[in-house]
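Report on the following structure.
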Amino acid sequence: MTRTVMGAAALRDMGGERMGTAEAAVRRTGVDTWWRDAVVYQLYIRSFADGNGDGIGDIAGIRARLGHLRDLGVDAVWINPWYPSPMADGGYDVADYRAVEPVFGTEEEAAALVEEAHALGLRVILDIVPNHSSDRHVWFQEALAAGPGSPERARYHFRPGRGPGGDEPPNDWRSVFGGTAWTRVTDGGEPGEWYLHLFDAAQPDLNWADPRVREEFESILRFWFDRGVDGFRIDVAHGLVKSDGLPDLGGDDENMLAPVERTDHPHWDRDGVHEIYRGWRRVADSYPGGRVFVAEAWVDSPERLARYLRPDELHTAFNFDFLRTPWDAPALRKSIDHSLATVAEVGAPPTWVLSNHDVVRHVSRLGRPATNGAGHSLSHLAPATTLDLELGRRRARAAALLMLALPGGAYVYQGDELGLWEVEDLPEEVLQDPTWERSGHTDRGRDGCRVPLPWSGSAPPFGFSPAGAQAAPWLPQPAGFASVTVEAQVSDPGSMLSLYRAALALRHAHPALGEGEFTWMPSGPDVLTFSRGAGFVCVVNLSDVPAPLPAAASVLLASDPDLTDGELAPDAAAWLSV
Ligand code: NOJ
Ligand code: CA
């Protein structure tokens, strides 16, 4: 067994740089399906890079750091909401869908960013938030002013309360962030109607039964498509349609994003959402260049998810089933098989994701012994005292090689490439996630995965803000970030960043990776071994003893820098040429 760690250049010499399978398909069919095996980098704008020194990430910061994304080797970026917003929920409370939040920059800067990204070969995906607007949106302000029974109120869900004096909420629905999903307004100076908000009270749910809402969102899609954006991530894609009459839930644990073993949930994953996305698909298909939708849909099963991906609906969706699967070989094998089979039925590509801005960073999930991957919020995970960060990092390296070797598309959340961990000890007074308040201070929420990135230097702001910035980063960075800055990792061949760069370069260059063949190979029960055709094999060892590697294999890339010949250590992965 020989050990060769090949760079992209060596692979190019081996057989010509892979023309992405997607690119080859454009040639054949005339349809640009770049998204079928794209690696998309999730850019949480507030925490990526601060260009003007106010402590908050912005478009200027992104433009200055595009080189990082080019060097990393991703194909696209998805930018979390950048629209004008009071920031009651990190920008998921949109006050104007056709403009840019001044804290993030100007429309001119946004246009320049799209152009500069395209010049580097990076596609740009925006985030659209159709389930709810901000309470500062002009429609909601008009609804408040117009009063009960008005057409202005009909764009949201206003209802009289129950009980004597209408003092009780209209039904028993709960906010995902905790507490009731209803807030009462005053009408004519008196306690009046209630409005529905499945998230924060500052995020009133729009009424998708009203044709004006449908028309407005198709027009918003066109607004940004006309400005050259390549697609949209759809926030809460499974939530838009509510059951007629808004019936009670009846005691479910509804304080979560997904319906559990129930297909008649009154507000999640209702059949009516599909007609909306058929309309959106027609809009996307009327533009050249392969415009794409990715659904954020927390549904009960891969089968339910595949319904969003039928040929006339959305292109792709986040695979949260994979994200929620614990670090356990049989469970992962099952999730992978299930995901592959269900999307294949509708002709959509699979996708894979380990982290995002709503879940505990996977270094900190995987670093808990016997991690229950299903718990993605801190309140559902084993206590911090059980956390072994070294183990988490080691598994995160292996998980990255697993994810990037699977067929289809993949998502990298900013900081994954640096091996960032969840900052679990943010002081209470800096917490901004509405979950903290709405849960009555029982759930710290999602700020710990949103801490600004460390770029360089040995002390905060670690290059996140320019030298001499007037404000500290909007969430404090831990001192430990000093060891994981981009600067510290870039020239260290054993770093997480070097691993991601090498994996993404290989993924582009190797003809077997991206879409295509996938076959499990024989292995022990706690080892995942699969081939991707063209002599490429991936082995992931989830057991607690070394696993033998296939004979006559040479190592293309390994998560474990100490790989010894012929054997893969526990919690390690390798890409092999056989
Ligand atoms: C999902 C988003 O990812 C999350 O950050 C947000 O709080 C909710 N949707 C509500 O928009
Ligand atoms: Ca800024």
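Order determines the names: the first chain of the structure tokens is A, the second B, and so forth; residues in each chain are numbered 1 upward, and ligands are numbered 1 upward as they are shown.
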
Would you name the residues within 9 Å of ligand 1, counting only C-alpha atoms and all ligand atoms, and put them as a CSV table (one decimal) with all heavy atoms, in the first residue's frame?
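Result saved to out_33.csv:
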```csv
chain,number,residue,atom,x,y,z
A,80,ASN,N,-27.4,34.3,3.9
A,80,ASN,CA,-28.6,34.5,4.8
A,80,ASN,C,-29.2,35.9,4.5
A,80,ASN,O,-28.5,36.7,4.0
A,80,ASN,CB,-28.2,34.3,6.2
A,80,ASN,CG,-27.9,32.8,6.5
A,80,ASN,OD1,-26.7,32.4,6.5
A,80,ASN,ND2,-28.9,32.0,6.8
A,89,ASP,N,-35.0,38.5,14.5
A,89,ASP,CA,-34.5,37.1,14.4
A,89,ASP,C,-33.4,37.0,13.3
A,89,ASP,O,-33.6,36.3,12.3
A,89,ASP,CB,-35.7,36.2,14.0
A,89,ASP,CG,-35.4,34.7,13.8
A,89,ASP,OD1,-34.3,34.3,14.4
A,89,ASP,OD2,-36.1,34.0,13.1
A,90,GLY,N,-32.4,37.7,13.5
A,90,GLY,CA,-31.2,37.7,12.6
A,90,GLY,C,-31.5,37.9,11.2
A,90,GLY,O,-30.9,37.3,10.3
A,91,GLY,N,-32.5,38.8,10.9
A,91,GLY,CA,-32.8,39.1,9.5
A,91,GLY,C,-33.9,38.2,8.9
A,91,GLY,O,-34.3,38.5,7.8
A,92,TYR,N,-34.4,37.2,9.6
A,92,TYR,CA,-35.5,36.4,9.2
A,92,TYR,C,-36.8,37.1,9.5
A,92,TYR,O,-37.9,36.5,9.5
A,92,TYR,CB,-35.5,35.0,9.7
A,92,TYR,CG,-34.4,34.2,9.0
A,92,TYR,CD1,-33.1,34.0,9.5
A,92,TYR,CD2,-34.7,33.6,7.8
A,92,TYR,CE1,-32.2,33.3,8.8
A,92,TYR,CE2,-33.8,32.8,7.1
A,92,TYR,CZ,-32.5,32.7,7.6
A,92,TYR,OH,-31.6,32.0,6.9
A,93,ASP,N,-36.7,38.4,9.8
A,93,ASP,CA,-37.9,39.3,9.9
A,93,ASP,C,-37.7,40.4,8.9
A,93,ASP,O,-37.0,41.4,9.2
A,93,ASP,CB,-38.0,39.8,11.4
A,93,ASP,CG,-36.7,40.3,11.9
A,93,ASP,OD1,-35.6,39.7,11.6
A,93,ASP,OD2,-36.7,41.3,12.7
A,129,VAL,N,-37.8,34.6,2.5
A,129,VAL,CA,-38.5,34.3,3.7
A,129,VAL,C,-40.0,34.5,3.5
A,129,VAL,O,-40.6,35.5,3.8
A,129,VAL,CB,-38.0,35.2,4.9
A,129,VAL,CG1,-38.6,34.7,6.2
A,129,VAL,CG2,-36.5,35.2,4.9
A,130,PRO,N,-40.7,33.5,3.0
A,130,PRO,CA,-42.1,33.7,2.6
A,130,PRO,C,-43.2,33.3,3.6
A,130,PRO,O,-44.3,33.7,3.5
A,130,PRO,CB,-42.3,32.7,1.4
A,130,PRO,CG,-41.4,31.6,1.7
A,130,PRO,CD,-40.2,32.2,2.5
A,131,ASN,N,-42.8,32.6,4.7
A,131,ASN,CA,-43.8,32.2,5.7
A,131,ASN,C,-44.3,33.4,6.5
A,131,ASN,O,-45.4,33.4,6.9
A,131,ASN,CB,-43.2,31.2,6.6
A,131,ASN,CG,-44.2,30.7,7.6
A,131,ASN,OD1,-45.2,30.1,7.3
A,131,ASN,ND2,-44.0,31.1,8.9
A,132,HIS,N,-43.4,34.4,6.7
A,132,HIS,CA,-43.7,35.5,7.6
A,132,HIS,C,-42.9,36.7,7.1
A,132,HIS,O,-41.9,36.6,6.5
A,132,HIS,CB,-43.4,35.2,9.0
A,132,HIS,CG,-42.0,34.5,9.2
A,132,HIS,ND1,-41.9,33.2,9.3
A,132,HIS,CD2,-40.8,35.0,9.2
A,132,HIS,CE1,-40.6,32.8,9.4
A,132,HIS,NE2,-39.9,33.9,9.3
A,133,SER,N,-43.5,37.9,7.5
A,133,SER,CA,-42.7,39.1,7.2
A,133,SER,C,-42.3,39.7,8.6
A,133,SER,O,-42.6,39.1,9.6
A,133,SER,CB,-43.5,40.1,6.5
A,133,SER,OG,-44.5,40.7,7.3
A,176,VAL,N,-42.4,28.3,17.5
A,176,VAL,CA,-41.2,27.5,17.5
A,176,VAL,C,-40.1,27.9,18.5
A,176,VAL,O,-39.4,27.2,19.1
A,176,VAL,CB,-40.5,27.5,16.1
A,176,VAL,CG1,-39.2,26.8,16.1
A,176,VAL,CG2,-41.5,26.8,15.1
A,177,PHE,N,-40.2,29.2,18.8
A,177,PHE,CA,-39.2,29.8,19.8
A,177,PHE,C,-39.7,29.8,21.2
A,177,PHE,O,-39.1,30.3,22.1
A,177,PHE,CB,-38.9,31.3,19.4
A,177,PHE,CG,-38.2,31.4,18.1
A,177,PHE,CD1,-38.4,32.6,17.3
A,177,PHE,CD2,-37.4,30.5,17.5
A,177,PHE,CE1,-37.8,32.8,16.1
A,177,PHE,CE2,-36.8,30.7,16.3
A,177,PHE,CZ,-37.0,31.8,15.6
A,198,LEU,N,-45.8,31.8,13.9
A,198,LEU,CA,-45.2,30.6,14.3
A,198,LEU,C,-43.8,30.7,14.8
A,198,LEU,O,-43.2,29.8,15.4
A,198,LEU,CB,-45.1,29.6,13.1
A,198,LEU,CG,-46.5,29.1,12.6
A,198,LEU,CD1,-46.4,28.2,11.4
A,198,LEU,CD2,-47.2,28.3,13.8
A,199,PHE,N,-43.2,31.9,14.6
A,199,PHE,CA,-41.9,32.2,15.2
A,199,PHE,C,-42.0,33.4,16.2
A,199,PHE,O,-42.9,33.3,17.0
A,199,PHE,CB,-40.9,32.4,14.1
A,199,PHE,CG,-40.6,31.2,13.2
A,199,PHE,CD1,-41.5,30.9,12.2
A,199,PHE,CD2,-39.7,30.3,13.6
A,199,PHE,CE1,-41.3,29.7,11.5
A,199,PHE,CE2,-39.5,29.1,12.9
A,199,PHE,CZ,-40.3,28.8,11.8
A,200,ASP,N,-41.2,34.4,16.1
A,200,ASP,CA,-41.3,35.5,17.1
A,200,ASP,C,-42.5,36.3,16.8
A,200,ASP,O,-43.0,36.4,15.7
A,200,ASP,CB,-40.0,36.3,17.0
A,200,ASP,CG,-39.9,37.2,18.2
A,200,ASP,OD1,-39.7,36.8,19.3
A,200,ASP,OD2,-40.0,38.5,18.0
A,203,GLN,N,-42.6,38.4,13.8
A,203,GLN,CA,-42.6,37.7,12.5
A,203,GLN,C,-44.1,37.2,12.2
A,203,GLN,O,-44.3,36.0,12.2
A,203,GLN,CB,-41.7,36.5,12.5
A,203,GLN,CG,-40.2,37.0,12.7
A,203,GLN,CD,-39.3,35.8,13.1
A,203,GLN,OE1,-39.4,35.3,14.2
A,203,GLN,NE2,-38.4,35.5,12.2
A,234,ILE,N,-35.2,28.6,0.4
A,234,ILE,CA,-36.6,28.9,0.9
A,234,ILE,C,-36.7,28.6,2.3
A,234,ILE,O,-36.7,27.5,2.8
A,234,ILE,CB,-37.6,28.2,0.1
A,234,ILE,CG1,-37.4,28.4,-1.4
A,234,ILE,CG2,-39.0,28.6,0.5
A,234,ILE,CD1,-38.2,27.5,-2.3
A,235,ASP,N,-36.9,29.7,3.1
A,235,ASP,CA,-37.0,29.6,4.6
A,235,ASP,C,-38.4,28.9,4.9
A,235,ASP,O,-39.4,29.3,4.4
A,235,ASP,CB,-36.9,31.0,5.2
A,235,ASP,CG,-36.9,30.9,6.7
A,235,ASP,OD1,-35.9,30.4,7.2
A,235,ASP,OD2,-37.8,31.5,7.4
A,236,VAL,N,-38.4,28.0,5.9
A,236,VAL,CA,-39.6,27.4,6.3
A,236,VAL,C,-40.5,27.0,5.2
A,236,VAL,O,-41.7,27.2,5.2
A,236,VAL,CB,-40.4,28.3,7.3
A,236,VAL,CG1,-41.3,27.4,8.2
A,236,VAL,CG2,-39.5,29.0,8.3
A,237,ALA,N,-39.9,26.3,4.2
A,237,ALA,CA,-40.7,26.0,3.0
A,237,ALA,C,-41.9,25.1,3.3
A,237,ALA,O,-42.8,25.0,2.5
A,237,ALA,CB,-39.8,25.3,2.0
A,257,LEU,N,-39.6,22.1,14.8
A,257,LEU,CA,-39.8,22.6,13.4
A,257,LEU,C,-40.5,21.5,12.6
A,257,LEU,O,-41.0,21.9,11.5
A,257,LEU,CB,-38.4,22.9,12.8
A,257,LEU,CG,-37.9,24.3,13.2
A,257,LEU,CD1,-36.4,24.4,12.7
A,257,LEU,CD2,-38.7,25.4,12.5
A,296,GLU,N,-35.7,24.7,2.7
A,296,GLU,CA,-35.5,24.4,4.1
A,296,GLU,C,-36.8,23.8,4.6
A,296,GLU,O,-37.8,24.5,4.8
A,296,GLU,CB,-35.2,25.6,4.9
A,296,GLU,CG,-34.8,25.2,6.3
A,296,GLU,CD,-35.4,26.1,7.4
A,296,GLU,OE1,-36.4,26.9,7.2
A,296,GLU,OE2,-34.9,26.1,8.6
A,356,ASN,N,-25.5,24.2,10.2
A,356,ASN,CA,-26.0,25.5,9.7
A,356,ASN,C,-26.2,26.5,10.9
A,356,ASN,O,-25.8,26.1,12.0
A,356,ASN,CB,-27.3,25.3,8.9
A,356,ASN,CG,-28.5,24.8,9.7
A,356,ASN,OD1,-28.6,25.2,10.9
A,356,ASN,ND2,-29.3,24.0,9.1
A,357,HIS,N,-26.8,27.6,10.6
A,357,HIS,CA,-26.9,28.7,11.7
A,357,HIS,C,-28.0,28.4,12.7
A,357,HIS,O,-28.2,29.2,13.5
A,357,HIS,CB,-27.1,30.0,11.0
A,357,HIS,CG,-28.5,30.1,10.3
A,357,HIS,ND1,-28.8,29.2,9.2
A,357,HIS,CD2,-29.6,30.8,10.6
A,357,HIS,CE1,-30.0,29.5,8.9
A,357,HIS,NE2,-30.5,30.4,9.7
A,358,ASP,N,-28.6,27.3,12.6
A,358,ASP,CA,-29.7,26.9,13.5
A,358,ASP,C,-29.4,25.8,14.4
A,358,ASP,O,-30.2,25.4,15.3
A,358,ASP,CB,-31.0,26.6,12.7
A,358,ASP,CG,-31.6,27.8,12.0
A,358,ASP,OD1,-31.5,28.9,12.5
A,358,ASP,OD2,-32.2,27.5,11.0
A,433,ASP,N,-30.6,35.6,20.2
A,433,ASP,CA,-31.6,34.7,19.6
A,433,ASP,C,-32.9,34.9,20.4
A,433,ASP,O,-32.9,34.7,21.6
A,433,ASP,CB,-31.1,33.3,19.7
A,433,ASP,CG,-32.1,32.3,19.0
A,433,ASP,OD1,-33.2,32.7,18.7
A,433,ASP,OD2,-31.7,31.1,18.8
A,434,PRO,N,-34.1,35.1,19.7
A,434,PRO,CA,-35.3,35.3,20.5
A,434,PRO,C,-35.7,34.1,21.3
A,434,PRO,O,-36.5,34.2,22.2
A,434,PRO,CB,-36.4,35.6,19.4
A,434,PRO,CG,-35.7,35.2,18.1
A,434,PRO,CD,-34.2,35.3,18.3
A,435,THR,N,-35.1,32.9,21.0
A,435,THR,CA,-35.4,31.7,21.7
A,435,THR,C,-35.1,31.9,23.2
A,435,THR,O,-35.8,31.4,24.1
A,435,THR,CB,-34.5,30.5,21.2
A,435,THR,OG1,-34.7,30.4,19.8
A,435,THR,CG2,-34.8,29.2,21.8
A,446,ARG,N,-29.5,29.9,19.5
A,446,ARG,CA,-28.5,29.5,18.4
A,446,ARG,C,-27.4,30.5,18.3
A,446,ARG,O,-26.6,30.4,17.3
A,446,ARG,CB,-29.3,29.4,17.1
A,446,ARG,CG,-30.5,28.4,17.2
A,446,ARG,CD,-31.6,28.7,16.1
A,446,ARG,NE,-32.2,30.0,16.4
A,446,ARG,CZ,-33.1,30.6,15.6
A,446,ARG,NH1,-33.5,30.0,14.5
A,446,ARG,NH2,-33.6,31.8,16.0
```

> Quick one: residues within 6 Å of ligand 2, with only C-alpha atoms and all ligand atoms, as JSON, numbers by chain?
Replying inline: {"A": [50, 51, 52, 53, 54, 55, 56, 57, 58]}

> So which bits of segment 243-304 of chain A end up alpha helix (DSSP H) when you DSSP the backbone, as a PyMOL selection string?
Replying inline: chain A and resi 273-285+302-304

Quick one: write out the picked residues with all heavy atoms as a short mmCIF file (atom, residue, chain, number, x, y, z; two decimals), in the first residue's frame?
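result_5.cif was written with the following content:
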```cif
data_model
loop_
_atom_site.label_atom_id
_atom_site.label_comp_id
_atom_site.auth_asym_id
_atom_site.auth_seq_id
_atom_site.Cartn_x
_atom_site.Cartn_y
_atom_site.Cartn_z
N VAL A 273 -48.79 23.35 -0.12
CA VAL A 273 -47.55 24.10 -0.41
C VAL A 273 -47.02 23.77 -1.80
O VAL A 273 -46.36 24.60 -2.44
CB VAL A 273 -46.42 23.86 0.63
CG1 VAL A 273 -46.81 24.36 2.00
CG2 VAL A 273 -46.00 22.41 0.68
N HIS A 274 -47.32 22.58 -2.27
CA HIS A 274 -46.69 22.14 -3.53
C HIS A 274 -47.15 22.97 -4.73
O HIS A 274 -46.36 23.23 -5.64
CB HIS A 274 -46.93 20.64 -3.73
CG HIS A 274 -46.31 19.85 -2.61
ND1 HIS A 274 -44.94 19.68 -2.50
CD2 HIS A 274 -46.85 19.26 -1.52
CE1 HIS A 274 -44.68 18.99 -1.39
NE2 HIS A 274 -45.81 18.72 -0.78
N GLU A 275 -48.40 23.40 -4.71
CA GLU A 275 -48.89 24.22 -5.81
C GLU A 275 -48.14 25.56 -5.86
O GLU A 275 -47.85 26.08 -6.92
CB GLU A 275 -50.41 24.43 -5.63
CG GLU A 275 -51.13 24.85 -6.89
CD GLU A 275 -50.67 24.09 -8.13
OE1 GLU A 275 -50.60 22.84 -8.09
OE2 GLU A 275 -50.37 24.76 -9.15
N ILE A 276 -47.81 26.08 -4.68
CA ILE A 276 -47.06 27.34 -4.63
C ILE A 276 -45.71 27.16 -5.33
O ILE A 276 -45.30 27.97 -6.16
CB ILE A 276 -46.83 27.77 -3.16
CG1 ILE A 276 -48.18 28.07 -2.50
CG2 ILE A 276 -45.88 28.96 -3.09
CD1 ILE A 276 -48.10 28.27 -0.99
N TYR A 277 -45.04 26.04 -5.03
CA TYR A 277 -43.70 25.85 -5.60
C TYR A 277 -43.74 25.51 -7.09
O TYR A 277 -42.79 25.80 -7.81
CB TYR A 277 -42.92 24.82 -4.77
CG TYR A 277 -42.75 25.32 -3.36
CD1 TYR A 277 -43.03 24.52 -2.25
CD2 TYR A 277 -42.38 26.64 -3.13
CE1 TYR A 277 -42.93 25.02 -0.96
CE2 TYR A 277 -42.28 27.15 -1.84
CZ TYR A 277 -42.56 26.34 -0.77
OH TYR A 277 -42.47 26.85 0.50
N ARG A 278 -44.85 24.96 -7.54
CA ARG A 278 -44.97 24.76 -9.00
C ARG A 278 -44.96 26.12 -9.70
O ARG A 278 -44.35 26.29 -10.73
CB ARG A 278 -46.23 23.96 -9.34
CG ARG A 278 -46.12 22.53 -8.86
CD ARG A 278 -47.18 21.60 -9.45
NE ARG A 278 -47.00 20.30 -8.84
CZ ARG A 278 -47.71 19.83 -7.80
NH1 ARG A 278 -48.72 20.52 -7.31
NH2 ARG A 278 -47.44 18.65 -7.28
N GLY A 279 -45.64 27.07 -9.09
CA GLY A 279 -45.64 28.43 -9.65
C GLY A 279 -44.24 29.03 -9.63
O GLY A 279 -43.78 29.65 -10.59
N TRP A 280 -43.53 28.85 -8.53
CA TRP A 280 -42.17 29.39 -8.40
C TRP A 280 -41.25 28.75 -9.45
O TRP A 280 -40.39 29.41 -10.03
CB TRP A 280 -41.62 29.13 -7.00
CG TRP A 280 -42.23 29.98 -5.94
CD1 TRP A 280 -43.48 30.55 -5.96
CD2 TRP A 280 -41.62 30.37 -4.69
NE1 TRP A 280 -43.69 31.25 -4.79
CE2 TRP A 280 -42.57 31.16 -4.00
CE3 TRP A 280 -40.40 30.11 -4.10
CZ2 TRP A 280 -42.31 31.70 -2.74
CZ3 TRP A 280 -40.13 30.65 -2.85
CH2 TRP A 280 -41.07 31.44 -2.18
N ARG A 281 -41.44 27.46 -9.66
CA ARG A 281 -40.58 26.77 -10.63
C ARG A 281 -40.76 27.35 -12.03
O ARG A 281 -39.81 27.51 -12.77
CB ARG A 281 -40.90 25.27 -10.62
CG ARG A 281 -40.06 24.44 -11.60
CD ARG A 281 -38.57 24.53 -11.21
NE ARG A 281 -37.75 23.69 -12.08
CZ ARG A 281 -37.19 22.54 -11.70
NH1 ARG A 281 -37.34 22.10 -10.48
NH2 ARG A 281 -36.45 21.86 -12.55
N ARG A 282 -42.03 27.69 -12.34
CA ARG A 282 -42.26 28.29 -13.66
C ARG A 282 -41.51 29.63 -13.76
O ARG A 282 -40.95 29.95 -14.81
CB ARG A 282 -43.77 28.48 -13.90
CG ARG A 282 -44.49 27.17 -14.16
CD ARG A 282 -45.93 27.39 -14.65
NE ARG A 282 -46.83 27.92 -13.63
CZ ARG A 282 -47.51 27.16 -12.74
NH1 ARG A 282 -47.39 25.85 -12.76
NH2 ARG A 282 -48.31 27.73 -11.86
N VAL A 283 -41.45 30.37 -12.69
CA VAL A 283 -40.71 31.64 -12.71
C VAL A 283 -39.22 31.35 -12.95
O VAL A 283 -38.59 31.93 -13.84
CB VAL A 283 -40.88 32.41 -11.38
CG1 VAL A 283 -39.97 33.63 -11.36
CG2 VAL A 283 -42.34 32.81 -11.18
N ALA A 284 -38.65 30.41 -12.18
CA ALA A 284 -37.21 30.12 -12.32
C ALA A 284 -36.90 29.62 -13.73
O ALA A 284 -35.89 30.02 -14.34
CB ALA A 284 -36.79 29.07 -11.29
N ASP A 285 -37.77 28.77 -14.26
CA ASP A 285 -37.51 28.19 -15.58
C ASP A 285 -37.63 29.22 -16.70
O ASP A 285 -37.20 28.97 -17.82
CB ASP A 285 -38.47 27.02 -15.84
CG ASP A 285 -38.09 25.78 -15.04
OD1 ASP A 285 -36.98 25.77 -14.45
OD2 ASP A 285 -38.88 24.82 -15.00
N PRO A 302 -37.56 11.28 4.71
CA PRO A 302 -37.07 11.53 3.35
C PRO A 302 -38.18 11.41 2.30
O PRO A 302 -38.17 12.13 1.31
CB PRO A 302 -35.99 10.47 3.16
CG PRO A 302 -35.49 10.19 4.54
CD PRO A 302 -36.71 10.31 5.42
N GLU A 303 -39.17 10.55 2.54
CA GLU A 303 -40.28 10.43 1.58
C GLU A 303 -41.04 11.76 1.47
O GLU A 303 -41.37 12.22 0.38
CB GLU A 303 -41.29 9.36 2.01
CG GLU A 303 -40.90 7.94 1.70
CD GLU A 303 -39.93 7.38 2.74
OE1 GLU A 303 -39.67 8.08 3.76
OE2 GLU A 303 -39.43 6.27 2.54
N ARG A 304 -41.34 12.33 2.64
CA ARG A 304 -42.08 13.60 2.61
C ARG A 304 -41.25 14.69 1.94
O ARG A 304 -41.77 15.54 1.24
CB ARG A 304 -42.46 14.04 4.03
CG ARG A 304 -43.39 13.13 4.76
CD ARG A 304 -44.77 13.05 4.16
NE ARG A 304 -45.49 14.32 4.14
CZ ARG A 304 -46.77 14.43 3.72
NH1 ARG A 304 -47.43 13.37 3.32
NH2 ARG A 304 -47.35 15.62 3.71
#
```

> Looking at only C-alpha atoms, which of A:Ala396, A:Leu513, A:Ala479, A:Ala410 is the one that sits closest to Ala317 of chain A?
Replying inline: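 Going through A:Ala396, A:Leu513, A:Ala479, A:Ala410 one by one, the smallest distance to Ala317 of chain A is for A:Ala410.
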
>> Can you tell me which residues surround Ser456 of chain A at a distance of at most 10 Å, considering only C-alpha atoms, apart from same-chain residues fewer than 3 positions away, and format the answer as a list in words?
In response: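 Non-adjacent residues within range: Leu453, Ala459, Pro460, Pro461, Phe462, Gly463, Phe464, Phe481, Ala482, Ser483, Val484, Thr485, Val486, Glu487, Ala488 and Gln489 of chain A.
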
>> Can you tell me, as a list in words, which residues in segment 199-446 of chain A count as strand (DSSP E or B) by DSSP?
In response: Asp205, Leu206, Gly231, Phe232, Arg233, Ile234, Val292, Phe293, Val294, Ala295, Thr316, Ala317, Thr351, Trp352, Val353, Gly409, Ala410, Tyr411, Val412 and Tyr413 of chain A

How would the residues just picked look written out with N, CA and C atoms as a tab-separated table (two decimals), in the first residue's frame?
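Result file follows (part_16.tsv):
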```tsv
chain	number	residue	atom	x	y	z
A	205	ASP	N	-47.16	35.60	10.50
A	205	ASP	CA	-47.30	34.68	9.36
A	205	ASP	C	-48.18	35.30	8.29
A	206	LEU	N	-47.71	35.18	7.05
A	206	LEU	CA	-48.49	35.65	5.91
A	206	LEU	C	-49.57	34.63	5.57
A	231	GLY	N	-30.29	31.79	-7.47
A	231	GLY	CA	-31.30	30.96	-6.83
A	231	GLY	C	-31.66	31.44	-5.45
A	232	PHE	N	-32.52	30.67	-4.81
A	232	PHE	CA	-33.01	31.01	-3.48
A	232	PHE	C	-33.05	29.78	-2.58
A	233	ARG	N	-32.67	30.00	-1.35
A	233	ARG	CA	-32.94	29.05	-0.29
A	233	ARG	C	-34.29	29.50	0.30
A	234	ILE	N	-35.21	28.58	0.44
A	234	ILE	CA	-36.56	28.94	0.87
A	234	ILE	C	-36.73	28.63	2.35
A	292	VAL	N	-32.06	28.19	-9.38
A	292	VAL	CA	-32.31	27.02	-8.54
A	292	VAL	C	-32.99	27.39	-7.22
A	293	PHE	N	-33.79	26.46	-6.70
A	293	PHE	CA	-34.37	26.61	-5.36
A	293	PHE	C	-33.86	25.50	-4.46
A	294	VAL	N	-33.59	25.84	-3.22
A	294	VAL	CA	-33.28	24.81	-2.22
A	294	VAL	C	-34.23	25.01	-1.04
A	295	ALA	N	-34.92	23.94	-0.68
A	295	ALA	CA	-35.94	24.03	0.35
A	295	ALA	C	-35.37	23.78	1.73
A	316	THR	N	-33.70	21.26	-5.15
A	316	THR	CA	-33.01	20.50	-4.09
A	316	THR	C	-33.58	20.91	-2.73
A	317	ALA	N	-33.13	20.18	-1.70
A	317	ALA	CA	-33.56	20.50	-0.33
A	317	ALA	C	-32.45	20.08	0.61
A	351	THR	N	-28.57	15.70	-1.32
A	351	THR	CA	-27.66	16.71	-0.77
A	351	THR	C	-27.29	16.28	0.64
A	352	TRP	N	-26.23	16.89	1.16
A	352	TRP	CA	-25.69	16.50	2.47
A	352	TRP	C	-25.30	17.75	3.23
A	353	VAL	N	-25.56	17.76	4.50
A	353	VAL	CA	-25.23	18.94	5.31
A	353	VAL	C	-24.93	18.48	6.73
A	409	GLY	N	-25.06	17.05	-4.07
A	409	GLY	CA	-24.56	18.34	-3.60
A	409	GLY	C	-24.24	18.33	-2.11
A	410	ALA	N	-23.52	19.35	-1.65
A	410	ALA	CA	-23.17	19.41	-0.23
A	410	ALA	C	-23.15	20.88	0.21
A	411	TYR	N	-23.40	21.09	1.51
A	411	TYR	CA	-23.39	22.43	2.10
A	411	TYR	C	-22.32	22.51	3.17
A	412	VAL	N	-21.55	23.59	3.11
A	412	VAL	CA	-20.53	23.85	4.13
A	412	VAL	C	-20.95	25.14	4.83
A	413	TYR	N	-21.16	25.07	6.13
A	413	TYR	CA	-21.53	26.27	6.89
A	413	TYR	C	-20.26	27.01	7.27
```

>> Would you pick out the contacts of Trp575 of chain A at 10 Å or less, using only C-alpha atoms, so that residues sharing its chain but fewer than 4 positions from it are not included, and give the list as a ChimeraX atom specification?
In response: /A:5,401-402,405,503,506,529-531,536-540,553-559

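In terms of minimum interatomic distance to Trp327 of chain A, A:Leu366 ranks closest within A:Ala119, A:Ala38, A:Leu366, A:Leu426, counting only C-alpha atoms.
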
>> At a cut-off of 12 Å, using only C-alpha atoms, what residues contact His197 of chain A? Leave out same-chain residues fewer than 2 positions from it and give the result as JSON, numbers by chain.
In response: {"A": [93, 131, 132, 133, 134, 135, 156, 157, 158, 169, 171, 173, 174, 175, 176, 177, 178, 179, 180, 181, 182, 183, 184, 194, 195, 199, 200, 201, 202, 203, 204, 205, 206, 207, 239, 240, 242, 267]}
